[in-house]
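J.: Okay, so here is final_8.txt, and as you'll see once you scroll down, it has compact mmCIF, C-alpha atoms.
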# COMPACT_ATOMS: atom_id res chain seq x y z
CA MET A 23 -2.73 32.57 -0.16
CA ALA A 24 -5.35 29.86 0.23
CA ALA A 25 -5.23 27.82 3.40
CA THR A 26 -4.29 24.20 2.99
CA THR A 27 -6.17 21.43 4.71
CA GLU A 28 -4.33 18.45 6.05
CA PRO A 29 -5.98 15.16 5.14
CA VAL A 30 -7.81 13.61 8.05
CA PRO A 31 -6.17 10.31 8.91
CA GLN A 32 -8.53 7.40 8.39
CA GLU A 33 -9.09 4.90 11.15
CA PRO A 34 -7.89 1.46 10.04
CA MET A 35 -10.71 -0.98 9.37
CA THR A 36 -11.31 -3.79 11.81
CA VAL A 37 -11.17 -7.38 10.58
CA VAL A 38 -14.97 -7.59 10.66
CA GLU A 39 -15.31 -4.40 8.60
CA ASP A 40 -12.67 -5.63 6.16
CA LEU A 41 -14.57 -8.91 5.71
CA SER A 42 -18.02 -7.31 5.51
CA ALA A 43 -18.52 -8.47 1.90
CA VAL A 44 -18.29 -12.13 2.93
CA LEU A 45 -19.81 -12.02 6.43
CA PRO A 46 -23.51 -11.95 7.36
CA MET A 47 -25.03 -8.48 7.40
CA THR A 48 -25.38 -8.37 11.21
CA ALA A 49 -21.75 -9.37 11.88
CA GLU A 50 -19.95 -7.05 14.29
CA MET A 51 -17.02 -6.99 16.68
CA ARG A 52 -17.66 -6.59 20.37
CA GLY A 53 -14.46 -6.46 22.37
CA ASP A 54 -12.26 -9.18 20.95
CA ARG A 55 -15.11 -11.36 19.67
CA LEU A 56 -17.22 -11.88 16.55
CA TRP A 57 -20.96 -11.49 17.03
CA ILE A 58 -23.67 -12.34 14.46
CA GLY A 59 -27.37 -11.67 14.95
CA GLY A 60 -26.59 -10.26 18.35
CA VAL A 61 -25.04 -13.58 19.44
CA ASP A 62 -21.43 -14.17 20.56
CA MET A 63 -20.01 -16.76 18.14
CA THR A 64 -17.32 -17.95 20.55
CA LYS A 65 -19.81 -18.58 23.33
CA LEU A 66 -22.26 -20.22 20.90
CA ALA A 67 -19.57 -22.56 19.56
CA ARG A 68 -18.54 -23.63 23.03
CA GLU A 69 -22.15 -24.18 24.11
CA GLN A 70 -23.32 -26.05 21.03
CA GLY A 71 -20.07 -27.74 20.05
CA THR A 72 -18.30 -27.63 16.72
CA ALA A 73 -18.38 -28.02 13.79
CA LEU A 74 -21.44 -25.76 13.72
CA TYR A 75 -23.38 -24.06 10.95
CA VAL A 76 -24.70 -20.60 11.88
CA MET A 77 -27.21 -18.71 9.72
CA ASP A 78 -28.14 -15.03 10.03
CA GLU A 79 -31.94 -15.01 9.71
CA GLU A 80 -32.14 -11.25 9.10
CA HIS A 81 -29.66 -11.56 6.21
CA ILE A 82 -31.74 -14.32 4.58
CA ARG A 83 -34.94 -12.33 4.85
CA ARG A 84 -33.27 -9.22 3.46
CA GLN A 85 -32.00 -11.11 0.41
CA LEU A 86 -35.42 -12.58 -0.35
CA ARG A 87 -36.94 -9.11 -0.06
CA GLU A 88 -34.26 -7.65 -2.32
CA TYR A 89 -35.18 -10.09 -5.09
CA VAL A 90 -38.87 -9.38 -4.72
CA LYS A 91 -38.19 -5.63 -4.70
CA TRP A 92 -35.84 -5.43 -7.69
CA THR A 93 -37.82 -7.76 -9.95
CA THR A 94 -41.30 -6.34 -9.26
CA TYR A 95 -39.81 -2.83 -9.52
CA HIS A 96 -39.46 -3.44 -13.25
CA TRP A 97 -42.53 -5.65 -13.81
CA ARG A 98 -45.30 -6.26 -11.31
CA ASP A 99 -45.93 -9.87 -12.30
CA CYS A 100 -42.71 -11.46 -11.02
CA ARG A 101 -42.13 -14.34 -8.61
CA THR A 102 -39.08 -15.16 -6.53
CA ILE A 103 -38.57 -18.92 -6.16
CA TYR A 104 -36.00 -19.98 -3.57
CA ALA A 105 -33.85 -22.87 -4.83
CA GLY A 106 -33.95 -25.25 -1.89
CA LYS A 107 -30.92 -27.24 -3.02
CA ALA A 108 -28.67 -24.44 -1.71
CA PHE A 109 -29.84 -24.98 1.87
CA MET A 110 -33.02 -26.66 3.00
CA SER A 111 -34.54 -27.31 6.38
CA VAL A 112 -38.08 -27.18 7.71
CA ALA A 113 -37.26 -23.82 9.32
CA MET A 114 -35.91 -22.47 6.01
CA CYS A 115 -39.03 -23.57 4.14
CA ARG A 116 -41.20 -21.77 6.68
CA LEU A 117 -39.09 -18.63 6.42
CA VAL A 118 -39.47 -18.62 2.62
CA ALA A 119 -43.23 -19.07 2.98
CA GLU A 120 -43.42 -16.20 5.49
CA GLU A 121 -41.68 -13.93 2.97
CA GLY A 122 -44.31 -14.77 0.33
CA CYS A 123 -41.85 -16.49 -1.99
CA SER A 124 -42.07 -19.82 -3.80
CA LEU A 125 -39.90 -22.92 -3.47
CA ASP A 126 -37.89 -24.99 -5.96
CA VAL A 127 -37.43 -28.65 -4.99
CA SER A 128 -35.23 -31.14 -6.84
CA SER A 129 -36.18 -34.48 -5.31
CA GLY A 130 -38.87 -36.35 -3.46
CA GLY A 131 -36.91 -35.71 -0.28
CA GLU A 132 -36.93 -31.94 -0.76
CA LEU A 133 -40.68 -32.12 -1.49
CA ALA A 134 -41.12 -34.05 1.76
CA PHE A 135 -39.43 -31.18 3.64
CA ALA A 136 -41.81 -28.69 2.00
CA ILE A 137 -44.79 -30.82 3.02
CA ALA A 138 -43.45 -31.18 6.58
CA ALA A 139 -43.15 -27.38 6.78
CA ASP A 140 -46.75 -26.92 5.55
CA PHE A 141 -45.39 -24.93 2.62
CA PRO A 142 -48.13 -23.83 0.17
CA LEU A 143 -47.75 -26.58 -2.42
CA ASP A 144 -49.20 -24.51 -5.26
CA ARG A 145 -46.02 -22.40 -4.87
CA VAL A 146 -43.71 -25.42 -5.29
CA TYR A 147 -41.75 -25.99 -8.51
CA VAL A 148 -40.33 -29.48 -9.07
CA HIS A 149 -36.98 -29.84 -10.84
CA GLY A 150 -34.66 -32.67 -11.81
CA ASN A 151 -33.37 -34.23 -15.01
CA SER A 152 -34.25 -37.80 -13.95
CA LYS A 153 -37.34 -37.69 -11.75
CA THR A 154 -38.52 -41.17 -10.83
CA MET A 155 -42.09 -42.35 -11.36
CA LEU A 156 -42.52 -42.29 -7.59
CA GLU A 157 -41.31 -38.68 -7.34
CA LEU A 158 -43.64 -37.59 -10.14
CA HIS A 159 -46.54 -39.42 -8.53
CA GLU A 160 -45.81 -37.77 -5.16
CA ALA A 161 -45.56 -34.32 -6.74
CA ILE A 162 -48.79 -34.54 -8.75
CA LYS A 163 -50.71 -36.08 -5.84
CA ALA A 164 -49.47 -33.29 -3.54
CA GLY A 165 -50.73 -30.63 -5.96
CA VAL A 166 -47.47 -28.86 -6.77
CA GLY A 167 -47.76 -25.70 -8.83
CA ARG A 168 -45.40 -26.62 -11.66
CA ILE A 169 -43.27 -29.54 -12.76
CA VAL A 170 -40.27 -28.43 -14.81
CA VAL A 171 -40.17 -31.13 -17.48
CA ASP A 172 -36.72 -32.17 -18.67
CA SER A 173 -37.27 -34.91 -21.29
CA PHE A 174 -39.75 -36.50 -23.68
CA GLU A 175 -40.01 -39.53 -21.40
CA GLU A 176 -40.96 -37.30 -18.51
CA LEU A 177 -43.62 -35.55 -20.56
CA GLU A 178 -45.30 -38.88 -21.20
CA ARG A 179 -45.01 -39.92 -17.55
CA VAL A 180 -46.51 -36.69 -16.22
CA SER A 181 -49.40 -36.98 -18.66
CA CYS A 182 -50.02 -40.61 -17.75
CA ILE A 183 -49.97 -40.04 -13.97
CA ALA A 184 -52.08 -36.87 -14.15
CA THR A 185 -54.64 -38.65 -16.35
CA GLU A 186 -54.86 -41.56 -13.89
CA MET A 187 -55.46 -39.07 -11.06
CA GLY A 188 -57.90 -36.98 -13.06
CA LYS A 189 -55.76 -33.86 -12.61
CA MET A 190 -54.54 -31.13 -14.95
CA GLN A 191 -50.84 -30.64 -14.20
CA GLY A 192 -49.11 -27.35 -14.94
CA ILE A 193 -45.64 -27.70 -16.42
CA LEU A 194 -42.73 -25.66 -17.69
CA LEU A 195 -40.45 -27.05 -20.38
CA ARG A 196 -36.76 -26.70 -19.55
CA ILE A 197 -34.96 -25.25 -22.56
CA THR A 198 -31.17 -25.16 -22.91
CA PRO A 199 -30.49 -21.91 -24.78
CA GLY A 200 -26.94 -22.82 -25.87
CA ILE A 201 -25.25 -20.21 -23.64
CA LYS A 202 -22.01 -21.13 -21.86
CA PRO A 203 -21.44 -18.70 -18.97
CA ASP A 204 -18.07 -17.92 -17.42
CA THR A 205 -18.20 -20.18 -14.35
CA HIS A 206 -16.89 -23.55 -13.20
CA GLY A 207 -17.59 -26.30 -15.74
CA TYR A 208 -19.41 -28.43 -13.18
CA ILE A 209 -22.05 -25.72 -12.66
CA GLN A 210 -22.60 -24.70 -16.28
CA THR A 211 -26.05 -25.95 -17.26
CA GLY A 212 -27.29 -23.93 -20.24
CA GLN A 213 -24.83 -24.90 -22.95
CA SER A 214 -25.80 -27.21 -25.83
CA ASP A 215 -23.83 -30.15 -24.40
CA SER A 216 -25.83 -30.57 -21.19
CA LYS A 217 -27.74 -33.33 -19.44
CA PHE A 218 -30.50 -30.81 -18.73
CA GLY A 219 -33.52 -29.91 -20.80
CA PHE A 220 -34.44 -29.68 -24.47
CA GLY A 221 -31.78 -28.24 -26.76
CA MET A 222 -32.54 -25.55 -29.30
CA ASN A 223 -30.57 -27.39 -31.95
CA HIS A 224 -32.14 -30.00 -34.25
CA GLY A 225 -35.64 -28.73 -33.42
CA LEU A 226 -35.92 -30.70 -30.15
CA ALA A 227 -37.30 -27.81 -28.10
CA MET A 228 -40.06 -27.08 -30.62
CA GLU A 229 -40.86 -30.78 -30.86
CA ALA A 230 -41.26 -30.85 -27.08
CA VAL A 231 -43.68 -27.91 -27.23
CA ARG A 232 -45.80 -29.67 -29.87
CA ARG A 233 -45.85 -32.91 -27.89
CA ALA A 234 -46.82 -31.13 -24.66
CA LEU A 235 -49.75 -29.48 -26.45
CA GLU A 236 -50.95 -32.88 -27.71
CA LEU A 237 -50.82 -34.82 -24.45
CA PRO A 238 -53.86 -35.04 -22.13
CA CYS A 239 -53.89 -33.49 -18.65
CA ILE A 240 -50.89 -31.30 -19.42
CA ASP A 241 -51.09 -27.51 -19.09
CA LEU A 242 -48.03 -26.06 -20.81
CA ALA A 243 -47.78 -22.83 -18.84
CA GLY A 244 -44.39 -21.76 -20.11
CA LEU A 245 -40.66 -22.23 -20.37
CA HIS A 246 -37.73 -22.58 -18.02
CA MET A 247 -34.02 -21.95 -18.51
CA HIS A 248 -31.01 -22.02 -16.22
CA ILE A 249 -27.54 -21.29 -17.58
CA GLY A 250 -25.44 -22.04 -14.51
CA SER A 251 -24.38 -20.98 -11.02
CA GLN A 252 -21.98 -18.49 -9.42
CA ILE A 253 -22.21 -16.17 -12.46
CA PHE A 254 -20.73 -12.67 -12.32
CA ALA A 255 -21.11 -11.61 -15.98
CA LEU A 256 -24.70 -10.45 -16.53
CA GLN A 257 -24.24 -10.40 -20.30
CA SER A 258 -24.65 -14.19 -20.20
CA TYR A 259 -28.20 -13.67 -18.97
CA ALA A 260 -28.86 -10.96 -21.54
CA LYS A 261 -27.89 -13.27 -24.39
CA ALA A 262 -29.90 -16.19 -23.01
CA ILE A 263 -32.98 -13.97 -22.67
CA GLU A 264 -32.65 -12.85 -26.27
CA VAL A 265 -32.55 -16.50 -27.38
CA ILE A 266 -35.46 -17.66 -25.22
CA VAL A 267 -37.79 -14.77 -26.14
CA HIS A 268 -37.03 -15.36 -29.82
CA PHE A 269 -38.05 -18.98 -29.23
CA MET A 270 -41.30 -17.80 -27.57
CA ASP A 271 -42.04 -15.87 -30.75
CA ALA A 272 -41.34 -18.96 -32.85
CA ILE A 273 -43.71 -20.99 -30.64
CA ARG A 274 -46.51 -18.49 -31.18
CA ARG A 275 -45.95 -18.42 -34.95
CA GLU A 276 -45.75 -22.19 -35.34
CA THR A 277 -48.31 -23.42 -32.78
CA GLY A 278 -50.40 -20.40 -31.76
CA LEU A 279 -49.40 -20.84 -28.10
CA VAL A 280 -48.64 -17.64 -26.22
CA VAL A 281 -46.17 -18.43 -23.43
CA ARG A 282 -47.67 -17.26 -20.13
CA GLU A 283 -44.69 -17.89 -17.82
CA LEU A 284 -40.94 -17.60 -18.23
CA ASP A 285 -38.62 -18.90 -15.52
CA THR A 286 -35.09 -17.57 -16.01
CA GLY A 287 -33.48 -19.76 -13.33
CA GLY A 288 -30.94 -18.41 -10.89
CA GLY A 289 -27.17 -18.44 -10.63
CA LEU A 290 -26.21 -14.92 -9.52
CA GLY A 291 -22.74 -15.17 -7.98
CA ILE A 292 -21.67 -14.11 -4.49
CA ALA A 293 -18.40 -12.97 -2.94
CA TYR A 294 -16.43 -15.85 -1.46
CA GLY A 295 -13.16 -13.90 -1.42
CA LEU A 296 -12.42 -10.21 -1.00
CA PRO A 297 -11.35 -9.78 -4.66
CA ASP A 298 -14.76 -11.06 -5.86
CA GLU A 299 -17.05 -8.37 -7.26
CA PRO A 300 -20.43 -9.93 -8.04
CA SER A 301 -23.27 -7.97 -9.56
CA THR A 302 -26.00 -6.73 -7.23
CA VAL A 303 -29.55 -8.02 -7.04
CA GLU A 304 -30.66 -4.63 -8.33
CA GLN A 305 -28.46 -4.98 -11.43
CA TYR A 306 -29.56 -8.58 -11.92
CA GLY A 307 -33.26 -7.69 -11.69
CA LYS A 308 -32.88 -4.93 -14.27
CA VAL A 309 -31.03 -7.14 -16.77
CA ILE A 310 -33.51 -10.01 -16.42
CA VAL A 311 -36.80 -8.14 -16.33
CA ASP A 312 -36.01 -5.25 -18.67
CA GLY A 313 -34.38 -7.69 -21.07
CA ILE A 314 -37.53 -9.80 -21.27
CA LYS A 315 -39.77 -6.76 -21.60
CA ASP A 316 -37.63 -5.21 -24.35
CA HIS A 317 -37.42 -8.38 -26.43
CA CYS A 318 -41.14 -9.10 -25.99
CA GLU A 319 -41.94 -5.59 -27.20
CA ARG A 320 -39.63 -6.10 -30.19
CA ASP A 321 -41.40 -9.34 -31.14
CA GLY A 322 -44.91 -8.09 -30.34
CA LEU A 323 -45.35 -10.57 -27.49
CA PRO A 324 -47.20 -10.00 -24.22
CA VAL A 325 -44.79 -9.94 -21.29
CA PRO A 326 -45.17 -13.24 -19.39
CA THR A 327 -45.10 -13.84 -15.68
CA ILE A 328 -41.37 -13.70 -14.90
CA MET A 329 -39.75 -16.02 -12.38
CA VAL A 330 -36.25 -16.06 -10.88
CA GLU A 331 -34.75 -18.89 -8.83
CA PRO A 332 -32.00 -17.57 -6.54
CA GLY A 333 -30.51 -19.98 -4.05
CA ARG A 334 -26.84 -19.38 -3.34
CA SER A 335 -27.18 -15.59 -3.31
CA ILE A 336 -29.95 -15.84 -0.68
CA VAL A 337 -28.06 -17.91 1.88
CA ALA A 338 -24.33 -18.18 1.09
CA ASN A 339 -23.13 -14.98 2.78
CA ALA A 340 -25.77 -15.44 5.49
CA GLY A 341 -23.92 -18.47 6.83
CA VAL A 342 -20.64 -19.22 8.58
CA THR A 343 -19.19 -22.48 9.89
CA LEU A 344 -17.50 -22.54 13.28
CA TYR A 345 -14.75 -25.04 14.12
CA THR A 346 -12.33 -25.57 17.00
CA ALA A 347 -8.61 -25.57 16.18
CA GLY A 348 -7.33 -29.01 17.17
CA THR A 349 -3.71 -29.22 16.00
CA ILE A 350 -1.17 -26.89 14.40
CA LYS A 351 1.57 -28.32 12.20
CA GLU A 352 4.30 -26.19 10.63
CA VAL A 353 6.01 -27.65 7.56
CA ARG A 354 9.05 -25.39 7.44
CA GLY A 355 9.46 -23.46 4.22
CA ILE A 356 6.14 -24.74 2.87
CA ARG A 357 3.06 -23.97 5.00
CA THR A 358 1.38 -24.20 8.38
CA TYR A 359 -1.62 -26.51 8.76
CA VAL A 360 -4.33 -25.76 11.29
CA ALA A 361 -6.50 -28.87 11.60
CA VAL A 362 -10.08 -28.47 12.82
CA ASP A 363 -12.89 -30.76 13.98
CA GLY A 364 -14.67 -30.90 10.64
CA GLY A 365 -13.73 -30.81 6.98
CA MET A 366 -14.96 -32.30 3.75
CA THR A 367 -17.96 -33.93 5.46
CA ASP A 368 -19.42 -30.51 6.27
CA ASN A 369 -17.87 -28.58 3.34
CA ILE A 370 -17.06 -30.56 0.20
CA ARG A 371 -16.84 -27.48 -2.02
CA THR A 372 -13.09 -26.94 -1.69
CA ALA A 373 -12.36 -30.53 -2.71
CA LEU A 374 -15.02 -30.46 -5.42
CA TYR A 375 -14.61 -26.99 -6.95
CA ASP A 376 -11.33 -25.75 -5.46
CA ALA A 377 -13.48 -23.17 -3.71
CA HIS A 378 -11.92 -20.22 -1.86
CA TYR A 379 -13.01 -18.95 1.56
CA GLU A 380 -12.07 -16.14 3.91
CA VAL A 381 -11.32 -17.13 7.51
CA LEU A 382 -11.06 -15.37 10.87
CA VAL A 383 -10.62 -16.39 14.49
CA ALA A 384 -13.90 -15.61 16.25
CA ASN A 385 -12.30 -15.11 19.68
CA ARG A 386 -9.53 -12.84 18.29
CA ALA A 387 -11.69 -10.60 16.10
CA ASP A 388 -9.87 -7.48 17.28
CA GLN A 389 -6.50 -8.66 15.96
CA ALA A 390 -5.12 -8.28 12.44
CA ARG A 391 -5.05 -11.28 10.11
CA SER A 392 -1.27 -11.34 10.03
CA GLU A 393 -0.52 -15.03 9.50
CA VAL A 394 -0.99 -17.32 6.50
CA VAL A 395 -2.18 -20.87 7.22
CA THR A 396 -4.04 -23.71 5.56
CA ILE A 397 -7.20 -24.86 7.34
CA ALA A 398 -7.26 -28.67 7.12
CA GLY A 399 -10.04 -31.10 7.91
CA LYS A 400 -9.85 -34.19 10.11
CA HIS A 401 -10.64 -36.81 7.46
CA CYS A 402 -8.50 -39.49 5.85
CA GLU A 403 -7.93 -37.63 2.57
CA THR A 404 -5.00 -35.43 1.55
CA GLY A 405 -7.49 -33.24 -0.29
CA ASP A 406 -9.50 -32.63 2.87
CA LEU A 407 -8.69 -28.93 3.03
CA ILE A 408 -11.19 -26.18 3.79
CA ALA A 409 -9.08 -23.10 2.96
CA ARG A 410 -5.60 -23.04 1.38
CA ASP A 411 -3.03 -20.41 2.35
CA VAL A 412 -5.46 -17.93 3.89
CA ARG A 413 -4.80 -15.00 6.18
CA VAL A 414 -5.91 -15.38 9.80
CA GLN A 415 -5.13 -13.85 13.16
CA PRO A 416 -2.37 -15.54 15.21
CA ILE A 417 -4.09 -18.80 16.13
CA GLU A 418 -3.76 -21.22 19.02
CA ILE A 419 -5.16 -24.65 19.76
CA GLY A 420 -8.69 -24.31 21.13
CA ASP A 421 -9.48 -21.11 19.23
CA ILE A 422 -12.79 -20.84 17.35
CA VAL A 423 -12.16 -20.75 13.60
CA CYS A 424 -14.88 -19.04 11.55
CA VAL A 425 -15.11 -19.83 7.83
CA CYS A 426 -17.20 -17.25 5.96
CA SER A 427 -19.81 -17.63 3.20
CA THR A 428 -20.72 -21.25 3.92
CA GLY A 429 -24.52 -20.86 3.93
CA ALA A 430 -24.98 -22.49 0.51
CA TYR A 431 -24.12 -26.01 -0.62
CA CYS A 432 -22.26 -26.94 2.58
CA GLN A 433 -24.95 -28.36 4.85
CA SER A 434 -26.96 -29.59 1.85
CA MET A 435 -23.95 -31.53 0.46
CA ALA A 436 -22.71 -32.78 3.83
CA SER A 437 -21.95 -36.48 4.31
CA ASN A 438 -21.09 -39.08 6.92
CA TYR A 439 -17.70 -40.01 5.45
CA ASN A 440 -15.52 -41.63 8.13
CA LYS A 441 -18.86 -41.96 9.97
CA GLN A 442 -18.62 -38.34 11.02
CA VAL A 443 -21.86 -36.91 12.39
CA ARG A 444 -23.24 -33.91 10.53
CA PRO A 445 -23.25 -30.57 12.39
CA ALA A 446 -26.19 -28.75 13.88
CA VAL A 447 -27.67 -25.67 12.21
CA VAL A 448 -28.40 -22.62 14.36
CA PHE A 449 -30.42 -19.57 13.25
CA VAL A 450 -29.47 -16.32 15.00
CA SER A 451 -31.56 -13.16 15.13
CA GLY A 452 -32.14 -10.31 17.59
CA GLY A 453 -29.78 -11.72 20.19
CA GLU A 454 -31.44 -15.15 20.16
CA ALA A 455 -30.01 -18.43 18.88
CA ARG A 456 -32.29 -21.35 17.99
CA VAL A 457 -31.23 -24.79 16.84
CA VAL A 458 -33.22 -25.60 13.70
CA VAL A 459 -31.36 -28.81 12.82
CA ARG A 460 -29.84 -30.73 15.73
CA ARG A 461 -26.44 -32.36 15.55
CA GLU A 462 -26.55 -35.98 14.42
CA THR A 463 -25.66 -38.76 16.83
CA TYR A 464 -24.09 -42.17 16.33
CA ASP A 465 -27.55 -43.64 16.89
CA ASP A 466 -28.84 -41.58 13.95
CA MET A 467 -26.22 -43.12 11.70
CA LEU A 468 -26.95 -46.64 13.00
CA ARG A 469 -30.72 -46.31 12.64
CA CYS A 470 -30.89 -47.76 9.12
CA GLU A 471 -28.54 -50.67 9.86
CA ILE A 472 -29.99 -54.18 9.92
CA ARG A 473 -28.54 -55.86 13.00
Please express the file's structure as structure tokens.

T.:
Amino acid sequence: MAATTEPVPQEPMTVVEDLSAVLPMTAEMRGDRLWIGGVDMTKLAREQGTALYVMDEEHIRRQLREYVKWTTYHWRDCRTIYAGKAFMSVAMCRLVAEEGCSLDVSSGGELAFAIAADFPLDRVYVHGNSKTMLELHEAIKAGVGRIVVDSFEELERVSCIATEMGKMQGILLRITPGIKPDTHGYIQTGQSDSKFGFGMNHGLAMEAVRRALELPCIDLAGLHMHIGSQIFALQSYAKAIEVIVHFMDAIRRETGLVVRELDTGGGLGIAYGLPDEPSTVEQYGKVIVDGIKDHCERDGLPVPTIMVEPGRSIVANAGVTLYTAGTIKEVRGIRTYVAVDGGMTDNIRTALYDAHYEVLVANRADQARSEVVTIAGKHCETGDLIARDVRVQPIEIGDIVCVCSTGAYCQSMASNYNKQVRPAVVFVSGGEARVVVRRETYDDMLRCEIR
């Protein structure tokens, strides 16, 4: 008779292990506390004050390297362009430059940050559906690598400014491929009804190509598309690539132009909640690059330089926001509110998109998340909620509340509503914490006042 083997009992996961999909890669539990980048989050919060943005530098670098690895794995001539709108600071621009990647800016202000960081301007791509004459002038004068042109008016303006400066300006035409991905309506950008780019319908995209080829001081290097953000379903990209490569073939047949560069945008989703199952960078790179190669081979086209523009998936899970619990209010039979010293001024995404976040108590990391509470902000709005009905450890006033996956679109969309100062940003790595953006002061907010 064969011997039977008793199953080995599995050790229960700690809270930090359970939340590993939404925490920075260096997150760990030491004693009863959460540590990131070798830094004690409770101690950091009490030294720097809260609210506080914390970014795991090692996580950011790893994500940039993953994109470079899994795109160039399939085609050597690929570029990773970090979308600065997700999170931008001088320190972040320098980090992107150190990793050999390029930078996407969407305003004159973002370009100013790139210049302040001494970012290589030939690796800067300028976006925006309504760039002002001043912004275009600044970009062309600075010598940016590409301007992503969004309208016929902009085509004329770029040509006029470049001619006046005696420069040849490289551009990409933004094409809307008519693909509607499965994501929030506010962050769908590639469907036919969009404020962005030249639509494929009614021949507008081809008309834009012809006009770009006619205008002086314009180098039409290629095409750009972006179908949306926080996308899990990779088939949306596959369909968009089929459409755009077919259009490249039509361009060659009708004008003789061979498209040299194809920018496929960004939008790969990340895990905000434990049920989320986003695709990996490896899977994304294969769908994008192999898709372009396969369709180019089908149409007899040379494979262009391929660009991707990740933003959220570089920094979102790299960041957390730390708050101090200020009040606890139990509404019997309904919910318990834990109010913190921040809110919609440092994270507007819940109010804007009904975003979901996972939460833990940084100074009780060894305890189970056994209670359900709603994390509320301090501002004069009923909708000022950070996380609705989320599991946390038993919480007390003065505890350090850690909201996960806040590295993207929190600091960059922060405001001074109620004249709240915006938080500091701290990079952590190798046991060191460095403030890369200091906390605002009342004097900062008063600086532009005429008194």

J.: Counting only C-alpha atoms, I want the residues whose atoms come within 12 Å of (-38.0, -42.3, -13.2) in the file frame, returned as an MDAnalysis selection string.

T.: chainID A and resid 129:130 150:159 172:173 175:180

J.: Can you pull out every residue within 10 Å of region 407-416 of chain A, counting only C-alpha atoms, but drop anything in the same chain fewer than 6 positions away, and send it as a VMD selection string?

T.: chain A and resid 37 357 to 362 364 to 366 368 to 373 376 to 401 423 to 425

J.: Find the residues around Tyr95 (chain A) up to 10 Å (all atoms listed in the file counted), leave out those fewer than 4 positions away in its own chain, and share them as a PyMOL selection string.

T.: chain A and resi 89-91+99-100+304+307-308+311

J.: Find the distance between CA of Tyr104 (chain A) and CA of Gln191 (chain A) and write it in Å to one decimal.

T.: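 According to the coordinates, CA of Tyr104 (chain A) and CA of Gln191 (chain A) are separated by 21.1 Å.
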
J.: Could you tell me which of A:Thr404, A:Asn438, A:Thr48, A:Thr93 comes closest to Thr327 (chain A) if we count only C-alpha atoms?

T.: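 Checking each candidate against Thr327 (chain A), we get A:Thr93 as the closest.
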
J.: Given the choices A:Ala113, A:Val337, A:Ala105, A:Ala230, which gets closest to Ile273 (chain A) if the distance is worked out from only C-alpha atoms?

T.: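 Of the candidates, the smallest distance to Ile273 (chain A) is held by A:Ala230.
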
J.: Would you mind reading off the distance between CA of Arg87 (chain A) and CA of Val148 (chain A), one decimal, in Å?

T.: 22.5 Å

J.: Would you pick out the contacts of Thr286 (chain A) at 9 Å or less, using all atoms listed in the file, so that residues sharing its chain but fewer than 6 positions from it are not included, and give the list as an mmCIF file with C-alpha atoms, keeping the file's coordinate frame?

T.:
data_model
loop_
_atom_site.group_PDB
_atom_site.id
_atom_site.type_symbol
_atom_site.label_atom_id
_atom_site.label_comp_id
_atom_site.auth_asym_id
_atom_site.auth_seq_id
_atom_site.Cartn_x
_atom_site.Cartn_y
_atom_site.Cartn_z
ATOM 1 C CA LEU A 245 -40.660 -22.230 -20.370
ATOM 2 C CA HIS A 246 -37.730 -22.580 -18.020
ATOM 3 C CA MET A 247 -34.020 -21.950 -18.510
ATOM 4 C CA HIS A 248 -31.010 -22.020 -16.220
ATOM 5 C CA ILE A 249 -27.540 -21.290 -17.580
ATOM 6 C CA TYR A 259 -28.200 -13.670 -18.970
ATOM 7 C CA ALA A 262 -29.900 -16.190 -23.010
ATOM 8 C CA ILE A 263 -32.980 -13.970 -22.670
ATOM 9 C CA ILE A 310 -33.510 -10.010 -16.420
ATOM 10 C CA ILE A 328 -41.370 -13.700 -14.900
ATOM 11 C CA MET A 329 -39.750 -16.020 -12.380
ATOM 12 C CA VAL A 330 -36.250 -16.060 -10.880
ATOM 13 C CA GLU A 331 -34.750 -18.890 -8.830
#

J.: Measuring atom to atom with all atoms listed in the file, identify which of A:Met467, A:Cys426, A:Leu133, A:Leu256 is nearest to Arg444 (chain A).

T.: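 Residue with the minimum atom-to-atom distance to Arg444 (chain A): A:Met467.
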
J.: Using only C-alpha atoms, which residues sit within 10 Å of Gly122 (chain A) once same-chain residues fewer than 6 positions away are excluded, as a PyMOL selection string?

T.: chain A and resi 86-87+90+101-103+116+142+145
